Every structure is written in structure tokens, then in C-alpha cells.
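Below is the file work-v2.pdb, which contains PDB, C-alpha atoms and all ligand atoms.
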ATOM      1  CA  MET A   1     106.498  87.918  99.441
ATOM      2  CA  LEU A   2     104.665  88.527 102.679
ATOM      3  CA  THR A   3     105.912  91.399 104.814
ATOM      4  CA  ILE A   4     104.517  91.323 108.322
ATOM      5  CA  ASP A   5     105.203  93.220 111.502
ATOM      6  CA  ALA A   6     106.503  91.103 114.374
ATOM      7  CA  ALA A   7     103.770  92.394 116.709
ATOM      8  CA  VAL A   8     101.047  91.190 114.313
ATOM      9  CA  LEU A   9     102.778  87.843 113.859
ATOM     10  CA  GLU A  10     103.148  87.450 117.621
ATOM     11  CA  ALA A  11      99.405  88.078 118.076
ATOM     12  CA  ILE A  12      98.619  85.429 115.442
ATOM     13  CA  VAL A  13     100.943  82.898 117.075
ATOM     14  CA  ALA A  14      99.414  83.642 120.498
ATOM     15  CA  HIS A  15      95.938  83.007 119.037
ATOM     16  CA  ALA A  16      97.065  79.699 117.538
ATOM     17  CA  ARG A  17      98.624  78.637 120.843
ATOM     18  CA  ARG A  18      95.500  79.621 122.774
ATOM     19  CA  ASP A  19      93.176  77.536 120.561
ATOM     20  CA  HIS A  20      95.499  74.527 120.370
ATOM     21  CA  PRO A  21      94.665  71.614 119.924
ATOM     22  CA  ASP A  22      91.830  73.045 117.806
ATOM     23  CA  GLU A  23      92.762  74.919 114.652
ATOM     24  CA  ALA A  24      92.747  78.698 114.963
ATOM     25  CA  CYS A  25      91.850  81.002 112.082
ATOM     26  CA  GLY A  26      91.695  84.683 111.326
ATOM     27  CA  ILE A  27      92.376  87.601 109.063
ATOM     28  CA  VAL A  28      94.786  90.482 108.856
ATOM     29  CA  ALA A  29      93.186  93.395 107.059
ATOM     30  CA  GLY A  30      94.906  96.328 105.419
ATOM     31  CA  PRO A  31      94.083  99.238 103.137
ATOM     32  CA  ILE A  32      92.946  98.103  99.658
ATOM     33  CA  ASP A  33      95.876  97.543  97.261
ATOM     34  CA  SER A  34      98.412  98.363  99.982
ATOM     35  CA  ASP A  35      99.530  94.759 100.683
ATOM     36  CA  GLN A  36     100.077  95.942 104.261
ATOM     37  CA  ALA A  37      98.958  93.551 106.987
ATOM     38  CA  VAL A  38      97.813  96.053 109.592
ATOM     39  CA  ARG A  39      94.705  95.009 111.511
ATOM     40  CA  HIS A  40      94.641  91.572 113.138
ATOM     41  CA  ILE A  41      91.163  90.053 113.407
ATOM     42  CA  PRO A  42      91.132  86.723 115.256
ATOM     43  CA  MET A  43      88.113  84.718 114.085
ATOM     44  CA  GLU A  44      86.082  81.958 115.641
ATOM     45  CA  ASN A  45      86.686  78.502 114.189
ATOM     46  CA  ALA A  46      83.031  77.531 113.779
ATOM     47  CA  ALA A  47      84.070  73.913 113.189
ATOM     48  CA  ARG A  48      85.990  73.794 116.517
ATOM     49  CA  SER A  49      88.017  71.063 114.960
ATOM     50  CA  MET A  50      91.551  69.732 115.267
ATOM     51  CA  THR A  51      91.671  69.107 111.512
ATOM     52  CA  PHE A  52      89.501  71.733 109.873
ATOM     53  CA  TYR A  53      88.614  75.397 110.113
ATOM     54  CA  GLU A  54      85.605  77.323 109.000
ATOM     55  CA  PHE A  55      84.793  80.970 109.614
ATOM     56  CA  ASP A  56      81.574  81.542 111.502
ATOM     57  CA  SER A  57      79.275  82.893 108.786
ATOM     58  CA  SER A  58      77.676  85.680 110.819
ATOM     59  CA  GLU A  59      81.009  86.818 112.253
ATOM     60  CA  TYR A  60      82.505  86.702 108.767
ATOM     61  CA  LEU A  61      79.691  88.823 107.368
ATOM     62  CA  ARG A  62      80.113  91.387 110.152
ATOM     63  CA  VAL A  63      83.888  91.563 109.625
ATOM     64  CA  TYR A  64      83.458  91.761 105.856
ATOM     65  CA  ARG A  65      81.080  94.736 106.159
ATOM     66  CA  GLU A  66      83.368  96.451 108.642
ATOM     67  CA  MET A  67      86.332  96.016 106.293
ATOM     68  CA  ASP A  68      84.253  97.327 103.415
ATOM     69  CA  ASP A  69      83.367 100.431 105.437
ATOM     70  CA  ARG A  70      87.040 101.012 106.207
ATOM     71  CA  ASP A  71      88.191 100.401 102.602
ATOM     72  CA  GLU A  72      90.183  97.384 103.692
ATOM     73  CA  ASP A  73      91.072  94.172 101.953
ATOM     74  CA  PHE A  74      92.067  90.682 103.094
ATOM     75  CA  VAL A  75      95.849  90.894 103.200
ATOM     76  CA  VAL A  76      96.456  87.740 105.231
ATOM     77  CA  ILE A  77      94.144  84.797 105.831
ATOM     78  CA  TYR A  78      95.654  82.482 108.415
ATOM     79  CA  HIS A  79      94.951  79.240 110.170
ATOM     80  CA  SER A  80      96.870  76.756 112.218
ATOM     81  CA  HIS A  81      97.540  73.072 111.901
ATOM     82  CA  THR A  82      97.920  71.482 115.289
ATOM     83  CA  ALA A  83      99.302  68.039 114.469
ATOM     84  CA  THR A  84     100.721  68.382 110.968
ATOM     85  CA  GLU A  85     103.080  70.647 109.030
ATOM     86  CA  ALA A  86     102.238  74.216 108.049
ATOM     87  CA  TYR A  87     101.263  73.336 104.488
ATOM     88  CA  PRO A  88      97.783  73.821 102.958
ATOM     89  CA  SER A  89      95.676  70.675 102.813
ATOM     90  CA  ARG A  90      93.745  69.755  99.669
ATOM     91  CA  THR A  91      90.648  71.238 101.312
ATOM     92  CA  ASP A  92      92.519  74.430 102.266
ATOM     93  CA  ALA A  93      93.565  74.902  98.639
ATOM     94  CA  ASP A  94      90.084  74.141  97.314
ATOM     95  CA  ILE A  95      88.321  76.675  99.545
ATOM     96  CA  ALA A  96      90.916  79.454  99.116
ATOM     97  CA  SER A  97      89.054  82.100  97.153
ATOM     98  CA  TRP A  98      91.155  85.271  97.508
ATOM     99  CA  PRO A  99      93.988  85.234  94.942
ATOM    100  CA  GLN A 100      95.381  88.532  96.242
ATOM    101  CA  ALA A 101      95.666  87.269  99.827
ATOM    102  CA  HIS A 102      98.636  85.751 101.591
ATOM    103  CA  TYR A 103      97.602  82.433 103.073
ATOM    104  CA  LEU A 104      99.569  82.108 106.285
ATOM    105  CA  LEU A 105      99.843  78.643 107.790
ATOM    106  CA  LEU A 106     101.122  77.922 111.260
ATOM    107  CA  SER A 107     101.866  74.654 112.943
ATOM    108  CA  THR A 108     101.675  74.292 116.698
ATOM    109  CA  ARG A 109     102.512  70.586 116.677
ATOM    110  CA  GLU A 110     105.714  71.291 118.603
ATOM    111  CA  PRO A 111     105.237  73.058 121.953
ATOM    112  CA  ASP A 112     108.299  75.295 121.777
ATOM    113  CA  VAL A 113     108.636  76.041 118.073
ATOM    114  CA  THR A 114     105.934  77.480 115.826
ATOM    115  CA  GLU A 115     106.190  76.840 112.110
ATOM    116  CA  VAL A 116     105.157  79.852 110.036
ATOM    117  CA  ARG A 117     104.834  79.656 106.243
ATOM    118  CA  SER A 118     103.074  81.743 103.641
ATOM    119  CA  TYR A 119     101.460  80.824 100.319
ATOM    120  CA  ARG A 120      99.618  82.195  97.366
ATOM    121  CA  ILE A 121      96.702  80.019  96.341
ATOM    122  CA  VAL A 122      95.222  80.718  92.913
ATOM    123  CA  ASP A 123      92.609  78.380  91.431
ATOM    124  CA  GLY A 124      93.628  75.698  93.889
ATOM    125  CA  ALA A 125      97.317  75.928  92.935
ATOM    126  CA  VAL A 126      99.606  76.458  95.925
ATOM    127  CA  SER A 127     102.926  78.296  95.750
ATOM    128  CA  GLU A 128     105.053  79.136  98.758
ATOM    129  CA  GLU A 129     106.437  82.631  99.138
ATOM    130  CA  PRO A 130     109.128  84.209 101.326
ATOM    131  CA  VAL A 131     108.215  85.894 104.599
ATOM    132  CA  THR A 132     109.850  89.068 105.843
ATOM    133  CA  VAL A 133     109.272  89.940 109.476
ATOM    134  CA  VAL A 134     109.918  93.543 110.391
ATOM    135  CA  ASN A 135     110.574  94.937 113.867
ATOM    136  CA  MET A 136     111.483  91.467 115.086
ATOM    137  CA  ASP A 137     112.840  90.962 118.557
ATOM    138  CA  SER A 138     115.926  88.785 118.153
ATOM    139  CA  THR A 139     114.765  86.411 120.924
ATOM    140  CA  ALA A 140     111.577  85.543 119.010
ATOM    141  CA  VAL A 141     113.527  84.337 115.976
ATOM    142  CA  GLN A 142     114.476  81.216 117.894
ATOM    143  CA  SER A 143     110.867  80.201 118.522
ATOM    144  CA  TYR A 144     109.694  80.456 114.903
ATOM    145  CA  LYS A 145     110.511  78.088 112.105
ATOM    146  CA  PHE A 146     109.914  79.672 108.715
ATOM    147  CA  GLY A 147     109.555  77.717 105.508
ATOM    148  CA  GLN A 148     111.488  74.695 104.422
ATOM    149  CA  SER A 149     114.589  76.555 103.434
ATOM    150  CA  PRO A 150     116.056  79.140 105.794
ATOM    151  CA  ALA A 151     117.015  81.224 102.763
ATOM    152  CA  SER A 152     113.359  82.087 102.214
ATOM    153  CA  VAL A 153     113.156  84.168 105.388
ATOM    154  CA  GLU A 154     114.487  87.565 106.200
ATOM    155  CA  TYR A 155     114.535  89.248 109.548
ATOM    156  CA  GLU A 156     114.744  92.905 110.215
ATOM    157  CA  CYS A 157     115.487  93.064 113.895
ATOM    158  CA  ARG A 158     114.767  95.923 116.248
ATOM    159  CA  ARG A 159     118.318  95.929 117.518
TER     160      ARG A 159
HETATM  161 ZN    ZN A 201      94.475  73.589 106.991
END
If you convert what's in this file into C-alpha cells, what do you get?
Amino acid sequence: MLTIDAAVLEAIVAHARRDHPDEACGIVAGPIDSDQAVRHIPMENAARSMTFYEFDSSEYLRVYREMDDRDEDFVVIYHSHTATEAYPSRTDADIASWPQAHYLLLSTREPDVTEVRSYRIVDGAVSEEPVTVVNMDSTAVQSYKFGQSPASVEYECRR
């Protein structure tokens, strides 16, 4: 299960909306072994593509070293799909190389609703996992669509 703070999720969604119709990508880092998605790092999509994403190699190296210095791990690796559903493509699954990470997929294909789904990808095998959003503003719930079954999402609202 992915547990993510609403403020972090909102920043990710804003990034995806900003880069639309190109795919947006990024990382949420957290302390090693904590599974806590704390520090949002929006990344450049070096491919600048509507159908593909690729971290810029020099930016990636810089971020990787910075995370290493701070004893952080990849907790979330996210990217957006801008015309299709929020499900990893064959290529996404093939290039996923962090079995401990949550692969967060967003879809911005609809202007008013953002699909948000999370996966584990191990050796190319994709399995969806539930998402729990904490500190969620109840108004934001209406603009996110989580997973295929509503039962896989939990909200912990601020009020
Ligand atoms: Zn993709």
C-alpha cells in the first residue's frame, strides 16, 4: 500500500497538469527503509514526449547523489499518461528497476478528473496496490479518480 500526504499528491498532480500534453515524471524521496514519501522532486522529461518519459541523465545523477547524501531512497517514482489510462505500459514495466518503490501513475486525459493509481513492479511484473491519502481536503477527493475499484482507496480527511 502507498501512503501519501495530500500536499505531496497535489504537487505531483499540479506538475502533471503543467506538463500536459507531454508526460511528466518525478520522484518522491524519503528516509531509507521508512516507506515515507516526504520530498517531492519534479524531474525533467528528457524525451519531452506525449507517449514516453525518460529522466534527464545528468539531473538524475545529481538527484541520486543528493539523495545518497541525505540517506534517502526512492519511495515513489511517478509519471503521467496524457491520453491513456493510468496503467504502466510494457515499456514502463520493462524499465522499472526499483522493486522497493511505489510506481505512481497519473492520467490527465480528462481535464477535470485526474486518475491516480499505484503499482509495484518487480522483474517486469505489475501489481496494483491500494493508495491511502492522508490529510486530504474533502473537496479534492472529487477531482481524483483512484484505481479501478473504489474499495482500494482510503481517505483520511482533514475535517
Ligand atoms: Zn508510461
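Put simply, atom CA of A:Thr82 is 28.6 Å away from atom CA of A:Met67.
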Can you turn the PyMOL selection byres (((chain A and resi 56) around 10) and not hetatm) into a concrete residue list for this file, as a count of residues only?
13
Evaluate the PyMOL selection byres (((not hetatm)) within 12 of (chain A and resi 201)) and record the selected residues as number ranges by chain, following the chain and residue labels used in the document.
A: 22-25, 45, 49-54, 77-96, 103-107
Output file for the residues above (C-alpha atoms, as a PDB file, in the coordinates of the input):
ATOM      1  CA  ASP A  22      91.830  73.045 117.806  1.00  0.00           C
ATOM      2  CA  GLU A  23      92.762  74.919 114.652  1.00  0.00           C
ATOM      3  CA  ALA A  24      92.747  78.698 114.963  1.00  0.00           C
ATOM      4  CA  CYS A  25      91.850  81.002 112.082  1.00  0.00           C
ATOM      5  CA  ASN A  45      86.686  78.502 114.189  1.00  0.00           C
ATOM      6  CA  SER A  49      88.017  71.063 114.960  1.00  0.00           C
ATOM      7  CA  MET A  50      91.551  69.732 115.267  1.00  0.00           C
ATOM      8  CA  THR A  51      91.671  69.107 111.512  1.00  0.00           C
ATOM      9  CA  PHE A  52      89.501  71.733 109.873  1.00  0.00           C
ATOM     10  CA  TYR A  53      88.614  75.397 110.113  1.00  0.00           C
ATOM     11  CA  GLU A  54      85.605  77.323 109.000  1.00  0.00           C
ATOM     12  CA  ILE A  77      94.144  84.797 105.831  1.00  0.00           C
ATOM     13  CA  TYR A  78      95.654  82.482 108.415  1.00  0.00           C
ATOM     14  CA  HIS A  79      94.951  79.240 110.170  1.00  0.00           C
ATOM     15  CA  SER A  80      96.870  76.756 112.218  1.00  0.00           C
ATOM     16  CA  HIS A  81      97.540  73.072 111.901  1.00  0.00           C
ATOM     17  CA  THR A  82      97.920  71.482 115.289  1.00  0.00           C
ATOM     18  CA  ALA A  83      99.302  68.039 114.469  1.00  0.00           C
ATOM     19  CA  THR A  84     100.721  68.382 110.968  1.00  0.00           C
ATOM     20  CA  GLU A  85     103.080  70.647 109.030  1.00  0.00           C
ATOM     21  CA  ALA A  86     102.238  74.216 108.049  1.00  0.00           C
ATOM     22  CA  TYR A  87     101.263  73.336 104.488  1.00  0.00           C
ATOM     23  CA  PRO A  88      97.783  73.821 102.958  1.00  0.00           C
ATOM     24  CA  SER A  89      95.676  70.675 102.813  1.00  0.00           C
ATOM     25  CA  ARG A  90      93.745  69.755  99.669  1.00  0.00           C
ATOM     26  CA  THR A  91      90.648  71.238 101.312  1.00  0.00           C
ATOM     27  CA  ASP A  92      92.519  74.430 102.266  1.00  0.00           C
ATOM     28  CA  ALA A  93      93.565  74.902  98.639  1.00  0.00           C
ATOM     29  CA  ASP A  94      90.084  74.141  97.314  1.00  0.00           C
ATOM     30  CA  ILE A  95      88.321  76.675  99.545  1.00  0.00           C
ATOM     31  CA  ALA A  96      90.916  79.454  99.116  1.00  0.00           C
ATOM     32  CA  TYR A 103      97.602  82.433 103.073  1.00  0.00           C
ATOM     33  CA  LEU A 104      99.569  82.108 106.285  1.00  0.00           C
ATOM     34  CA  LEU A 105      99.843  78.643 107.790  1.00  0.00           C
ATOM     35  CA  LEU A 106     101.122  77.922 111.260  1.00  0.00           C
ATOM     36  CA  SER A 107     101.866  74.654 112.943  1.00  0.00           C
TER      37      SER A 107
END
A:Val75: which residues within 7 Å, counting only C-alpha atoms, same-chain residues fewer than 5 positions away excluded, as a CSV table (one decimal) with C-alpha atoms, in the coordinates of the input?
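As a result, result-v5.csv now contains:
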chain,number,residue,atom,x,y,z
A,28,VAL,CA,94.8,90.5,108.9
A,29,ALA,CA,93.2,93.4,107.1
A,30,GLY,CA,94.9,96.3,105.4
A,35,ASP,CA,99.5,94.8,100.7
A,36,GLN,CA,100.1,95.9,104.3
A,37,ALA,CA,99.0,93.6,107.0
A,101,ALA,CA,95.7,87.3,99.8
A,102,HIS,CA,98.6,85.8,101.6
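Of note, atom CA of A:Phe146 and atom CA of A:Val133 are spaced 10.3 Å apart.
Shortest separation to A:Asp137 among A:Leu9, A:Ile32, A:Ala16, A:Met1 occurs at residue A:Leu9, atoms counted being only C-alpha atoms.
Closest approach to A:Val63 among A:Thr108, A:Thr3, A:Ser97, A:Arg39 is made by A:Arg39 (distances from all atoms listed in the file).
Matched in the shown structure by the PyMOL selection byres (((chain A and resi 6) around 9) and not hetatm): A:Ile4, A:Asp5, A:Ala7, A:Val8, A:Leu9, A:Glu10, A:Ala11, A:Val133, A:Val134, A:Asn135, A:Met136, A:Asp137, A:Ala140.
Shortest atom-to-atom contact with A:His40 among A:Glu115, A:Ile12, A:Arg18, A:Val131: A:Ile12, counting only C-alpha atoms.
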I'd like the box whose edges run along x, y and z of the file and which contains every listed atom of stretch 49-60 of chain A, padded by 4 Å per side; could you state its centre and edge lengths in Å, one decimal, as AutoDock Vina command-line options?
--center_x 84.7 --center_y 78.0 --center_z 112.0 --size_x 22.0 --size_y 25.7 --size_z 14.5
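Across the structure, atom CA of A:Gly147 and atom CA of A:Asp33 are spaced 25.5 Å apart.
For stretch 120-122 of chain A, the list of residues within 6 Å, based on only C-alpha atoms and with local chain neighbours fewer than 2 positions off taken out, reads Pro99, His102, Gly124, Ala125, Val126 and Ser127 of chain A.
For the residues A:Glu128, A:Arg62, A:Tyr119, A:Glu110, ranking by smallest atom-to-atom distance to A:Ser143 using all atoms listed in the file places A:Glu110 first.
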